[in-house]
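Visitor: Below: one structure in structure tokens.
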Amino acid sequence: MTDPSPDPETHTIDCDILIVGGGFAGCGAAYEARYWGRDLKIVVAEKAAIERSGAVAQGLSAINCYMGMRWNENQPEDFVRYVRNDLMGLSREDLVYDLARHVDSTVHMFEEWGLPIFTDPVTGRYVREGRWQIMIHGESYKPIIAEATRKAASEVYERIMVTHLLPDAKDPNRVAGAIGFSVRDGSFYLFRAKAVIVAAAGASHIYRPRSAGEGSGRTWYPPWASGSAYALLIPMGAEMTQMENRLVVTRFKDGYGPVGAWFLLLKATATNATGEHYEAARLPELRERVGAYADAKPMPTCLRNHLMLQEILAGRGPILMHTEKVLDTPEKESIGWEDFLNMTIGQAVTWASQGIEPKTTPSELILSEPYVMGSHAVCAGAWASGPADVGADDYHWGYNRMTTVQGLFGAGDTIGGSAHKFSSGSYSEGRLAGKSAVAFVRDHPGAPTVAPERVSELKAEVFRPVRNWQTERLNVTTGTVYPEVLFPDQGLNRLEKIMDEYGGGVSANYSTNKPLLERGLAHMESLRVDLDHLGARDLHQLQRAWELHHRWWTAEAVLRHTLFREETRWPGYYYRADFPHVDDEQWKCFVNSVYDPRTGEWRLFKRPYRPLF
Amino acid sequence: MECVTICPSDIMHIDPAQGRAYNVEPQMCWECCACVKACPEAAIEIRGYADFAPMNHSVQPTRTDTHITWKIRMRGGDLKEFTFPIRTTKWGSIAAPQEAPEPPAEARAGELLSFEPDYLAVEALPTLARKPSAP
Ligand SMILES: Cc1cc2nc3c(=O)[nH]c(=O)nc-3n(C[C@H](O)[C@H](O)[C@H](O)COP(=O)(O)OP(=O)(O)OC[C@H]3O[C@@H](n4cnc5c(N)ncnc54)[C@H](O)[C@@H]3O)c2cc1C
Ligand code: SF4
Ligand code: SF4
């Protein structure tokens with residue numbers, strides 16, 4: 001293999017709308033932007049191949065966000081109440097409502113395109129897994145969605161790792177495009193765009209995973225989720241919200257198979273090692289800790305985590321999911337296996353390898369390492385403008401789903417304050433952003449200004465790891481020990497260790513406090529300086545180097561937000577041991593931040609929570 | 001090369017010496033099987049992560065245009081087989097959004113997305129009166 005060039009050729013692409021990331025949100029954005037913007041040049045830049053990229057690469061077994069308004073199963077207000085409850089009171093309810101009222105049309109479109117949805121032969125309705133979830137045969141969910149995207153977009157550039165957004169040379173608070181490089185031929189890409197939609201997803205491997213060595217690929221959120229959604233936005237000065245609201249999920253141990261279908265559809269229950277249904281038993285203790293939130297129905301996701309963690313810490317593990325009590329027919333057995341084969345094949349592999357027959361043997365549950373994302377039972381992400389017709393005035397300052405940077409939109413994991421979007425909601429939010437971006441481009445038809453000097457500077461930075469390697473390659477001590485080079489995997493291990501030990505990861509039982517967070521931030525600063533020494537032997541390592549940069553930004557934001565919020569709002573996601581209680585009086589508000597790209601300073605502040613009703 | 005093209009983690013590479021594909025970074029593999037499903041020669045098998053999965057098992061998919069079949073061999077020797085549908089329409093049959101008539105300019109400012117309210121299957125898009133911010 002020839003070495004990558006540290007100064008390769010540049011491809012310049014001019015377009016109206018650039019979509020970064022062709023996952024669920026990005027695919028929705030491309031489709032909708034084309035519907036409204038027939039004459040526009042709409043370009044997708046994606047680091048993998050859109051048929052199998054993002055969180056849905058394996059497929060899914062359920063659509064977790066569907067109202068069923070046509071059968072009057074739920075109305076958007078019901079969903080707002082549910083999300084409000086699950087997030088311990090805090091959500092951008094205008095965004096949640098907006099998503100809920102559109103999501104059904106997305107799901108109906110998917111069905112028409114050919115996604116097999118379980119339908120009740122008698123009622124003709126979709127089969128419900130739970131109140132918001134419907135069951136699908138979803139192995140090909142992503143390739144189906146991708147087919148529509150390929151037809152809608154002007155061009156889909158694949159294997160392009162987008163590294164930075166570009167500000168407009170005349171107005172630093174306006175976006176002018178993005179840059180990145182081809183992981184295949186090593187060339188440099190400059191996209192100049194009138195509007196940019198970032199749909200580049202949340203992050204795994206911010207915290208050290210439970211599994212080690214080869215097994216560390218077994219995270220619940222995919223190993224390729226590198227936090228680009230946040231790392232592209234933050235250095236542009238976009239306002240962020242809820243970055244401390246990171247996700248810990250209850251999953252089948254080791255394989256990380258989801259529990260939703262088991263609890264909701266198959267009605268399995270979980271006990272501690274003594275066979276006790278611990279959730280009900282610990283309710284009085286929970287009330288002491290979090291007050292009325294303990295009695296919210298359904299119990300908030302974080303509190304269920306909390307109760308499980310308490311059992312494990314008290315030595316009453318393992319926690320067991322009693323699959324053996326519910327798989328009483330061949331149909332149910334098949335549903336149980338399909339649930340994993342469609343979206344967490346690793347869990348089926350775990351069962352096969354351990355000889356676990358779920359019909360006869362219960363399975364262990366565990367709490368995962370934390371992830372940072374915005375579309376599941378958490379809502380880290382950018383502070384975005386809401387719809388024009390719903391919500392408080394100060395939640396609406398322009399185009400729907402536009403960030404605080406002009407022309408910069410987001411969807412899916414990118415947008416904060418709005419949890420429980422999942423696949424269908426992320427796609428719907430992409431559609432909302434796509435339509436708004438078209439409106440923005442029509443109102444601002446002028447081409448953005450990109451300063452060539454800035455592009456050259458950034459290009460040099462993008463290929464710095466290649467240069468570092470080429471100058472240092474003979475300066476080797478032994479094996480992988482190059483004293484002046486930090487390889488991406490080494491830097492990633494360092495980041496994960498810092499976050500795990502100081503930021504409330506698995507080894508700290510999700511606990512942290514002010515002194516720990518401050519120590520953590522000091523270690524992060526030295527890591528930031530050392531990232532200048534990243535080395536990349538090849539283009540694959542160059543991608544890993546930039547993923548590490550992106551994870552660094554994400555992790556830094558998590559620590560700063562966690563430090564600012566002096567309470568434990570979401571026990572079970574993390575604990576501020578120095579402020580162990582929910583403190584509605586001081587902290588029933590959003591924690592937001594803005595990074596100033598000129599000074600390098602972070603500003604943290606509160607934003608009011610405004611209930612919709 | 002289908003495996004190289006599809007792997008979301010960019011870890012299936014061709015070893016020039018051996019002339020065959022291999023996983024360059026197993027610790028960044030999600031066991032998503034995208035490579036296994038894409039390989040026209042059925043040349044890829046996965047085994048569980050050696051760090052925690054005991055040996056002697058296999059989980060192998062075969063995907064056609066309409067179905068996926070999984071053959072599972074449990075440690076201990078039991079065999080299982082499951083087949084599930086993957087798509088109800090022909091590949092390539094999705095209509096592009098630009099095939100629909102162009103929406104009128106005044107629709108651009110409203111809240112409706114493409115094909116709404118028809119695709120909502122309710123009469124109108126729900127809305128709430130705007131709530132002014134507290135002083
Ligand atoms: C195991 C698992 C089970 C789940 N189960 C369900 C379920 O049952 N039902 C449900 O509805 N939802 C489920 N979800 C959630 C759902 O998958 C996500 O909510 C949704 O995919 C988020 O959409 P997104 O577009 O924000 O991110 P993604 O779909 O992950 O898309 C992000 C895209 O950005 C690309 N990208 C990232 N960084 C860059 C970069 N720097 N440059 C270029 N491209 C980049 C990625 O390659 C990817 O294509 C599950 C998720 C997981 C992981
Ligand atoms: S199973 Fe591993 S190697 Fe294969 S496509 Fe998925 S991540 Fe890539
Ligand atoms: S035959 Fe299969 S394993 Fe070999 S390169 Fe092609 S897709 Fe990859």
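Labels used: A, B, ... for chains in the order of the structure tokens, numbers from 1 for residues in each chain, and numbers from 1 for ligands as shown.
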Sort by chain and increasing residue number a table of all residues of chain A within 12 Å of ligand 2, each with its closest pair of atoms and their distance in Å to one decimal, counting only C-alpha atoms and all ligand atoms, and write it as JSON lines.

Guide:
{"residue": "A:Ala48", "atom": "CA", "partner": "ligand 2", "partner_atom_place_in_ligand_line": "8 (Fe)", "distance": 10.5}
{"residue": "A:Ala49", "atom": "CA", "partner": "ligand 2", "partner_atom_place_in_ligand_line": "5 (S)", "distance": 10.7}
{"residue": "A:Glu51", "atom": "CA", "partner": "ligand 2", "partner_atom_place_in_ligand_line": "5 (S)", "distance": 11.4}
{"residue": "A:Arg52", "atom": "CA", "partner": "ligand 2", "partner_atom_place_in_ligand_line": "5 (S)", "distance": 8.4}
{"residue": "A:Ser53", "atom": "CA", "partner": "ligand 2", "partner_atom_place_in_ligand_line": "5 (S)", "distance": 9.7}
{"residue": "A:Gly54", "atom": "CA", "partner": "ligand 2", "partner_atom_place_in_ligand_line": "7 (S)", "distance": 11.0}
{"residue": "A:Ala55", "atom": "CA", "partner": "ligand 2", "partner_atom_place_in_ligand_line": "7 (S)", "distance": 11.5}
{"residue": "A:Val56", "atom": "CA", "partner": "ligand 2", "partner_atom_place_in_ligand_line": "6 (Fe)", "distance": 11.4}
{"residue": "A:Ala57", "atom": "CA", "partner": "ligand 2", "partner_atom_place_in_ligand_line": "6 (Fe)", "distance": 8.0}
{"residue": "A:Gln58", "atom": "CA", "partner": "ligand 2", "partner_atom_place_in_ligand_line": "6 (Fe)", "distance": 8.0}
{"residue": "A:Gly59", "atom": "CA", "partner": "ligand 2", "partner_atom_place_in_ligand_line": "6 (Fe)", "distance": 11.7}
{"residue": "A:Glu214", "atom": "CA", "partner": "ligand 2", "partner_atom_place_in_ligand_line": "2 (Fe)", "distance": 11.3}
{"residue": "A:Gly215", "atom": "CA", "partner": "ligand 2", "partner_atom_place_in_ligand_line": "2 (Fe)", "distance": 11.4}
{"residue": "A:Ser216", "atom": "CA", "partner": "ligand 2", "partner_atom_place_in_ligand_line": "7 (S)", "distance": 11.9}
{"residue": "A:Gly217", "atom": "CA", "partner": "ligand 2", "partner_atom_place_in_ligand_line": "7 (S)", "distance": 8.2}
{"residue": "A:Arg218", "atom": "CA", "partner": "ligand 2", "partner_atom_place_in_ligand_line": "7 (S)", "distance": 10.0}
{"residue": "A:Thr219", "atom": "CA", "partner": "ligand 2", "partner_atom_place_in_ligand_line": "7 (S)", "distance": 11.6}
{"residue": "A:Pro222", "atom": "CA", "partner": "ligand 2", "partner_atom_place_in_ligand_line": "7 (S)", "distance": 8.7}
{"residue": "A:Pro223", "atom": "CA", "partner": "ligand 2", "partner_atom_place_in_ligand_line": "7 (S)", "distance": 8.3}
{"residue": "A:Trp224", "atom": "CA", "partner": "ligand 2", "partner_atom_place_in_ligand_line": "7 (S)", "distance": 8.6}
{"residue": "A:Ala225", "atom": "CA", "partner": "ligand 2", "partner_atom_place_in_ligand_line": "7 (S)", "distance": 11.9}
{"residue": "A:Met343", "atom": "CA", "partner": "ligand 2", "partner_atom_place_in_ligand_line": "6 (Fe)", "distance": 11.8}
{"residue": "A:Thr344", "atom": "CA", "partner": "ligand 2", "partner_atom_place_in_ligand_line": "1 (S)", "distance": 11.0}
{"residue": "A:Ile345", "atom": "CA", "partner": "ligand 2", "partner_atom_place_in_ligand_line": "1 (S)", "distance": 9.2}
{"residue": "A:Gly346", "atom": "CA", "partner": "ligand 2", "partner_atom_place_in_ligand_line": "1 (S)", "distance": 9.3}
{"residue": "A:Val349", "atom": "CA", "partner": "ligand 2", "partner_atom_place_in_ligand_line": "1 (S)", "distance": 11.8}

Visitor: Identify, counting only C-alpha atoms and all ligand atoms, the protein, DNA and RNA residues located within 7 Å of ligand 3, and give them as a PyMOL selection string.

Guide: chain B and resi 1-4+14+20-21+35+38-44

Visitor: Kindly export the residues of the current selection with all heavy atoms, as an mmCIF file, in the first residue's frame.

Guide:
data_model
loop_
_atom_site.group_PDB
_atom_site.id
_atom_site.type_symbol
_atom_site.label_atom_id
_atom_site.label_comp_id
_atom_site.auth_asym_id
_atom_site.auth_seq_id
_atom_site.Cartn_x
_atom_site.Cartn_y
_atom_site.Cartn_z
ATOM 1 N N MET B 1 -15.143 -7.740 -3.167
ATOM 2 C CA MET B 1 -14.892 -6.424 -2.536
ATOM 3 C C MET B 1 -16.161 -5.839 -1.898
ATOM 4 O O MET B 1 -16.111 -4.791 -1.295
ATOM 5 C CB MET B 1 -14.382 -5.424 -3.591
ATOM 6 C CG MET B 1 -13.039 -5.752 -4.146
ATOM 7 S SD MET B 1 -11.714 -5.196 -3.081
ATOM 8 C CE MET B 1 -11.824 -3.401 -3.240
ATOM 9 N N GLU B 2 -17.283 -6.541 -2.087
ATOM 10 C CA GLU B 2 -18.528 -6.027 -1.501
ATOM 11 C C GLU B 2 -18.378 -5.782 -0.005
ATOM 12 O O GLU B 2 -18.923 -4.826 0.542
ATOM 13 C CB GLU B 2 -19.686 -7.008 -1.744
ATOM 14 C CG GLU B 2 -20.336 -6.883 -3.111
ATOM 15 C CD GLU B 2 -19.583 -7.646 -4.197
ATOM 16 O OE1 GLU B 2 -18.437 -8.100 -3.948
ATOM 17 O OE2 GLU B 2 -20.141 -7.783 -5.305
ATOM 18 N N CYS B 3 -17.626 -6.654 0.653
ATOM 19 C CA CYS B 3 -17.456 -6.490 2.109
ATOM 20 C C CYS B 3 -16.720 -5.190 2.420
ATOM 21 O O CYS B 3 -17.036 -4.502 3.391
ATOM 22 C CB CYS B 3 -16.713 -7.687 2.698
ATOM 23 S SG CYS B 3 -15.082 -7.947 1.970
ATOM 24 N N VAL B 4 -15.725 -4.864 1.579
ATOM 25 C CA VAL B 4 -14.949 -3.637 1.786
ATOM 26 C C VAL B 4 -15.846 -2.418 1.560
ATOM 27 O O VAL B 4 -15.808 -1.437 2.297
ATOM 28 C CB VAL B 4 -13.737 -3.600 0.826
ATOM 29 C CG1 VAL B 4 -12.931 -2.325 1.021
ATOM 30 C CG2 VAL B 4 -12.870 -4.832 1.005
ATOM 31 N N ILE B 14 -8.507 -5.561 1.945
ATOM 32 C CA ILE B 14 -7.917 -6.662 1.180
ATOM 33 C C ILE B 14 -6.439 -6.763 1.567
ATOM 34 O O ILE B 14 -5.713 -5.769 1.528
ATOM 35 C CB ILE B 14 -8.048 -6.411 -0.339
ATOM 36 C CG1 ILE B 14 -9.525 -6.219 -0.739
ATOM 37 C CG2 ILE B 14 -7.398 -7.552 -1.119
ATOM 38 C CD1 ILE B 14 -10.400 -7.439 -0.683
ATOM 39 N N ARG B 20 -6.888 -11.643 -0.238
ATOM 40 C CA ARG B 20 -8.238 -11.859 0.274
ATOM 41 C C ARG B 20 -8.587 -10.854 1.365
ATOM 42 O O ARG B 20 -7.702 -10.185 1.909
ATOM 43 C CB ARG B 20 -8.420 -13.282 0.786
ATOM 44 C CG ARG B 20 -7.272 -13.744 1.656
ATOM 45 C CD ARG B 20 -7.473 -15.175 2.087
ATOM 46 N NE ARG B 20 -7.959 -15.194 3.462
ATOM 47 C CZ ARG B 20 -8.371 -16.292 4.073
ATOM 48 N NH1 ARG B 20 -8.411 -17.425 3.448
ATOM 49 N NH2 ARG B 20 -8.753 -16.248 5.331
ATOM 50 N N ALA B 21 -9.864 -10.792 1.642
ATOM 51 C CA ALA B 21 -10.334 -9.785 2.597
ATOM 52 C C ALA B 21 -10.110 -10.262 4.028
ATOM 53 O O ALA B 21 -10.181 -11.457 4.316
ATOM 54 C CB ALA B 21 -11.814 -9.525 2.368
ATOM 55 N N CYS B 35 -21.080 -7.272 6.214
ATOM 56 C CA CYS B 35 -20.121 -7.891 5.291
ATOM 57 C C CYS B 35 -20.565 -9.308 4.926
ATOM 58 O O CYS B 35 -20.496 -9.709 3.772
ATOM 59 C CB CYS B 35 -18.718 -7.895 5.905
ATOM 60 S SG CYS B 35 -18.633 -8.660 7.542
ATOM 61 N N ALA B 38 -23.396 -9.273 2.516
ATOM 62 C CA ALA B 38 -23.083 -8.711 1.197
ATOM 63 C C ALA B 38 -22.195 -9.620 0.358
ATOM 64 O O ALA B 38 -22.152 -9.487 -0.864
ATOM 65 C CB ALA B 38 -22.398 -7.351 1.359
ATOM 66 N N CYS B 39 -21.485 -10.539 0.973
ATOM 67 C CA CYS B 39 -20.498 -11.328 0.231
ATOM 68 C C CYS B 39 -21.178 -12.290 -0.745
ATOM 69 O O CYS B 39 -21.921 -13.177 -0.334
ATOM 70 C CB CYS B 39 -19.604 -12.117 1.182
ATOM 71 S SG CYS B 39 -18.487 -13.216 0.279
ATOM 72 N N PRO B 40 -20.902 -12.142 -2.052
ATOM 73 C CA PRO B 40 -21.564 -13.001 -3.038
ATOM 74 C C PRO B 40 -21.078 -14.453 -2.971
ATOM 75 O O PRO B 40 -21.739 -15.348 -3.498
ATOM 76 C CB PRO B 40 -21.203 -12.354 -4.376
ATOM 77 C CG PRO B 40 -19.993 -11.536 -4.112
ATOM 78 C CD PRO B 40 -20.029 -11.148 -2.670
ATOM 79 N N GLU B 41 -19.943 -14.674 -2.347
ATOM 80 C CA GLU B 41 -19.371 -16.029 -2.286
ATOM 81 C C GLU B 41 -19.675 -16.731 -0.962
ATOM 82 O O GLU B 41 -19.164 -17.826 -0.717
ATOM 83 C CB GLU B 41 -17.834 -15.964 -2.453
ATOM 84 C CG GLU B 41 -17.361 -15.229 -3.696
ATOM 85 C CD GLU B 41 -17.773 -15.936 -4.981
ATOM 86 O OE1 GLU B 41 -17.944 -17.176 -4.945
ATOM 87 O OE2 GLU B 41 -17.949 -15.250 -5.997
ATOM 88 N N ALA B 42 -20.425 -16.102 -0.095
ATOM 89 C CA ALA B 42 -20.670 -16.645 1.248
ATOM 90 C C ALA B 42 -19.352 -17.035 1.917
ATOM 91 O O ALA B 42 -19.231 -18.083 2.544
ATOM 92 C CB ALA B 42 -21.640 -17.824 1.202
ATOM 93 N N ALA B 43 -18.356 -16.181 1.729
ATOM 94 C CA ALA B 43 -17.003 -16.517 2.195
ATOM 95 C C ALA B 43 -16.718 -16.058 3.621
ATOM 96 O O ALA B 43 -15.664 -16.370 4.164
ATOM 97 C CB ALA B 43 -15.971 -15.910 1.238
ATOM 98 N N ILE B 44 -17.635 -15.297 4.226
ATOM 99 C CA ILE B 44 -17.336 -14.751 5.554
ATOM 100 C C ILE B 44 -18.205 -15.415 6.616
ATOM 101 O O ILE B 44 -19.418 -15.547 6.452
ATOM 102 C CB ILE B 44 -17.570 -13.219 5.612
ATOM 103 C CG1 ILE B 44 -16.903 -12.531 4.412
ATOM 104 C CG2 ILE B 44 -17.048 -12.641 6.927
ATOM 105 C CD1 ILE B 44 -17.159 -11.038 4.345
#

Visitor: With only C-alpha atoms as the counted atoms, please give the residues lying no more than 7 Å from B:Arg75, apart from itself and same-chain residues fewer than 2 positions off, as a CSV table (one decimal) with C-alpha atoms, in the first residue's frame.

Guide:
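That gives us result_38.csv:
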chain,number,residue,atom,x,y,z
A,352,ALA,CA,-25.3,-19.5,20.7
A,353,SER,CA,-21.8,-19.4,22.1
A,354,GLN,CA,-22.9,-19.8,25.7
A,355,GLY,CA,-25.5,-22.4,24.7
B,56,ASN,CA,-18.0,-23.7,19.0
B,57,HIS,CA,-21.0,-21.9,17.7
B,73,ARG,CA,-25.5,-23.7,15.7
B,77,GLY,CA,-24.7,-28.8,18.9

Visitor: Rounded to one decimal place, report the atom CA of A:Leu307-atom CA of A:Met88 distance in Å.

Guide: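 So the answer is 15.4 Å.
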
Visitor: Which residues of chain B are close to chain A, meaning at most 6 Å apart when you count only C-alpha atoms, and how do they look as a ChimeraX atom specification?

Guide: /B:6,8-9,26-32,48-49,51,53-54,57,74-75,86-89,94,96-98,119-122,128,130-133

Visitor: Write out, as an mmCIF file, in the first residue's frame, the residues just selected, with N, CA and C atoms.

Guide:
data_model
loop_
_atom_site.group_PDB
_atom_site.id
_atom_site.type_symbol
_atom_site.label_atom_id
_atom_site.label_comp_id
_atom_site.auth_asym_id
_atom_site.auth_seq_id
_atom_site.Cartn_x
_atom_site.Cartn_y
_atom_site.Cartn_z
ATOM 1 N N ILE B 6 -19.078 -2.184 1.899
ATOM 2 C CA ILE B 6 -20.227 -2.012 2.782
ATOM 3 C C ILE B 6 -19.865 -1.785 4.250
ATOM 4 N N PRO B 8 -19.559 -0.665 7.664
ATOM 5 C CA PRO B 8 -19.761 0.672 8.224
ATOM 6 C C PRO B 8 -18.585 1.145 9.070
ATOM 7 N N SER B 9 -17.748 0.188 9.501
ATOM 8 C CA SER B 9 -16.628 0.546 10.361
ATOM 9 C C SER B 9 -15.332 0.695 9.564
ATOM 10 N N PRO B 26 -10.626 -5.924 14.614
ATOM 11 C CA PRO B 26 -11.775 -6.630 15.206
ATOM 12 C C PRO B 26 -12.344 -5.910 16.427
ATOM 13 N N GLN B 27 -11.526 -5.148 17.124
ATOM 14 C CA GLN B 27 -12.031 -4.454 18.327
ATOM 15 C C GLN B 27 -12.932 -3.280 17.971
ATOM 16 N N MET B 28 -13.086 -2.977 16.672
ATOM 17 C CA MET B 28 -14.042 -1.965 16.227
ATOM 18 C C MET B 28 -15.119 -2.598 15.344
ATOM 19 N N CYS B 29 -15.312 -3.905 15.499
ATOM 20 C CA CYS B 29 -16.338 -4.625 14.737
ATOM 21 C C CYS B 29 -17.578 -4.765 15.609
ATOM 22 N N TRP B 30 -18.739 -4.477 15.029
ATOM 23 C CA TRP B 30 -20.013 -4.488 15.787
ATOM 24 C C TRP B 30 -20.721 -5.829 15.643
ATOM 25 N N GLU B 31 -20.107 -6.788 14.924
ATOM 26 C CA GLU B 31 -20.801 -8.040 14.584
ATOM 27 C C GLU B 31 -22.138 -7.731 13.904
ATOM 28 N N CYS B 32 -22.116 -6.732 13.009
ATOM 29 C CA CYS B 32 -23.375 -6.334 12.372
ATOM 30 C C CYS B 32 -23.713 -7.234 11.194
ATOM 31 N N GLY B 48 -18.148 -15.277 17.786
ATOM 32 C CA GLY B 48 -18.300 -14.296 18.856
ATOM 33 C C GLY B 48 -16.957 -13.748 19.300
ATOM 34 N N TYR B 49 -16.989 -12.539 19.840
ATOM 35 C CA TYR B 49 -15.770 -11.911 20.352
ATOM 36 C C TYR B 49 -15.053 -12.862 21.299
ATOM 37 N N ASP B 51 -13.074 -12.468 23.568
ATOM 38 C CA ASP B 51 -12.887 -12.041 24.952
ATOM 39 C C ASP B 51 -13.984 -12.523 25.878
ATOM 40 N N ALA B 53 -16.967 -14.673 24.385
ATOM 41 C CA ALA B 53 -17.836 -15.696 23.814
ATOM 42 C C ALA B 53 -17.104 -17.039 23.744
ATOM 43 N N PRO B 54 -17.641 -18.075 24.395
ATOM 44 C CA PRO B 54 -17.045 -19.403 24.256
ATOM 45 C C PRO B 54 -17.036 -19.845 22.792
ATOM 46 N N HIS B 57 -19.648 -22.341 17.997
ATOM 47 C CA HIS B 57 -21.012 -21.893 17.736
ATOM 48 C C HIS B 57 -20.974 -21.245 16.361
ATOM 49 N N MET B 74 -25.793 -23.928 18.099
ATOM 50 C CA MET B 74 -25.543 -23.613 19.498
ATOM 51 C C MET B 74 -24.317 -24.393 19.980
ATOM 52 N N ARG B 75 -23.581 -23.812 20.920
ATOM 53 C CA ARG B 75 -22.539 -24.600 21.582
ATOM 54 C C ARG B 75 -23.275 -25.765 22.247
ATOM 55 N N ILE B 86 -37.998 -9.555 4.345
ATOM 56 C CA ILE B 86 -37.241 -8.300 4.500
ATOM 57 C C ILE B 86 -37.860 -7.139 3.727
ATOM 58 N N ARG B 87 -38.653 -7.452 2.726
ATOM 59 C CA ARG B 87 -39.249 -6.360 1.945
ATOM 60 C C ARG B 87 -40.491 -6.858 1.223
ATOM 61 N N THR B 88 -41.495 -6.005 1.151
ATOM 62 C CA THR B 88 -42.759 -6.422 0.527
ATOM 63 C C THR B 88 -42.882 -5.932 -0.916
ATOM 64 N N THR B 89 -41.977 -5.053 -1.346
ATOM 65 C CA THR B 89 -42.048 -4.536 -2.718
ATOM 66 C C THR B 89 -40.740 -4.872 -3.437
ATOM 67 N N ILE B 94 -39.271 2.254 -5.312
ATOM 68 C CA ILE B 94 -39.714 3.457 -4.575
ATOM 69 C C ILE B 94 -39.761 4.666 -5.516
ATOM 70 N N ALA B 96 -39.386 8.409 -6.549
ATOM 71 C CA ALA B 96 -38.604 9.553 -6.086
ATOM 72 C C ALA B 96 -39.549 10.701 -5.741
ATOM 73 N N PRO B 97 -39.189 11.535 -4.764
ATOM 74 C CA PRO B 97 -40.108 12.615 -4.373
ATOM 75 C C PRO B 97 -40.381 13.597 -5.516
ATOM 76 N N GLN B 98 -39.417 13.747 -6.408
ATOM 77 C CA GLN B 98 -39.592 14.695 -7.512
ATOM 78 C C GLN B 98 -40.526 14.165 -8.595
ATOM 79 N N TYR B 119 -50.846 11.435 4.001
ATOM 80 C CA TYR B 119 -50.109 10.321 4.600
ATOM 81 C C TYR B 119 -50.256 10.247 6.109
ATOM 82 N N LEU B 120 -50.773 11.281 6.722
ATOM 83 C CA LEU B 120 -51.026 11.207 8.164
ATOM 84 C C LEU B 120 -52.231 10.309 8.440
ATOM 85 N N ALA B 121 -53.087 10.198 7.421
ATOM 86 C CA ALA B 121 -54.331 9.422 7.544
ATOM 87 C C ALA B 121 -55.259 9.993 8.607
ATOM 88 N N VAL B 122 -55.097 11.267 8.902
ATOM 89 C CA VAL B 122 -56.100 12.004 9.678
ATOM 90 C C VAL B 122 -56.399 13.283 8.897
ATOM 91 N N LEU B 128 -51.287 23.538 18.104
ATOM 92 C CA LEU B 128 -51.689 24.140 19.380
ATOM 93 C C LEU B 128 -51.538 25.642 19.210
ATOM 94 N N ARG B 130 -50.121 29.135 19.855
ATOM 95 C CA ARG B 130 -48.784 29.530 20.317
ATOM 96 C C ARG B 130 -48.830 30.056 21.740
ATOM 97 N N LYS B 131 -47.849 29.680 22.505
ATOM 98 C CA LYS B 131 -47.822 30.098 23.899
ATOM 99 C C LYS B 131 -46.763 31.171 24.083
ATOM 100 N N PRO B 132 -47.148 32.356 24.519
ATOM 101 C CA PRO B 132 -46.122 33.384 24.705
ATOM 102 C C PRO B 132 -45.183 33.008 25.855
ATOM 103 N N SER B 133 -43.938 33.506 25.799
ATOM 104 C CA SER B 133 -43.005 33.181 26.875
ATOM 105 C C SER B 133 -43.391 33.936 28.132
#

Visitor: Write as a ChimeraX atom specification the residues around ligand 1, taking 7 Å as the cut-off and counting only C-alpha atoms and all ligand atoms.

Guide: /A:20-26,45-48,50,53-56,60-65,160-163,199-202,220-222,224-229,258,343-344,375-376,411-414,421-424,426-427 /B:8

Visitor: Could you pull out the strand (DSSP E or B) residues of chain B, going by DSSP on the backbone, and write them as an MDAnalysis selection string?

Guide: chainID B and resid 12:15 20:23 58:63 67:73 79:85 131

Visitor: Run DSSP on the backbone and grab whatever in chain B lands in alpha helix (DSSP H); send it over as an MDAnalysis selection string.

Guide: chainID B and resid 2:6 34:38

Visitor: How many Å separate atom CA of A:Trp262 from atom CA of A:Ser91?

Guide: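 Taking atom CA of A:Trp262 as the start and atom CA of A:Ser91 as the end point, the length is 27.3 Å.
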
Visitor: I'd like to know which of A:Met67, A:Leu408, A:Val259, A:Ala545 is closest to A:Met236, using only C-alpha atoms.

Guide: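 Closest to A:Met236, using only C-alpha atoms: A:Leu408.
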
Visitor: So the first atom is atom CA of A:Phe191 and the second is atom CA of A:His550; what is the distance between them in Å, to one decimal place?

Guide: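 These two atoms are separated by 19.1 Å.
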
Visitor: Could you give me, as a VMD selection string, the residues within 7 Å of A:Pro448, counting only C-alpha atoms and dropping anything in the same chain fewer than 6 positions from it?

Guide: chain A and resid 168 176 193 to 194

Visitor: Please provide as a PyMOL selection string all residues within 6 Å of B:Ile11, with the sequence filter that same-chain residues fewer than 4 positions apart are discarded (counting only C-alpha atoms).

Guide: chain B and resi 23-25
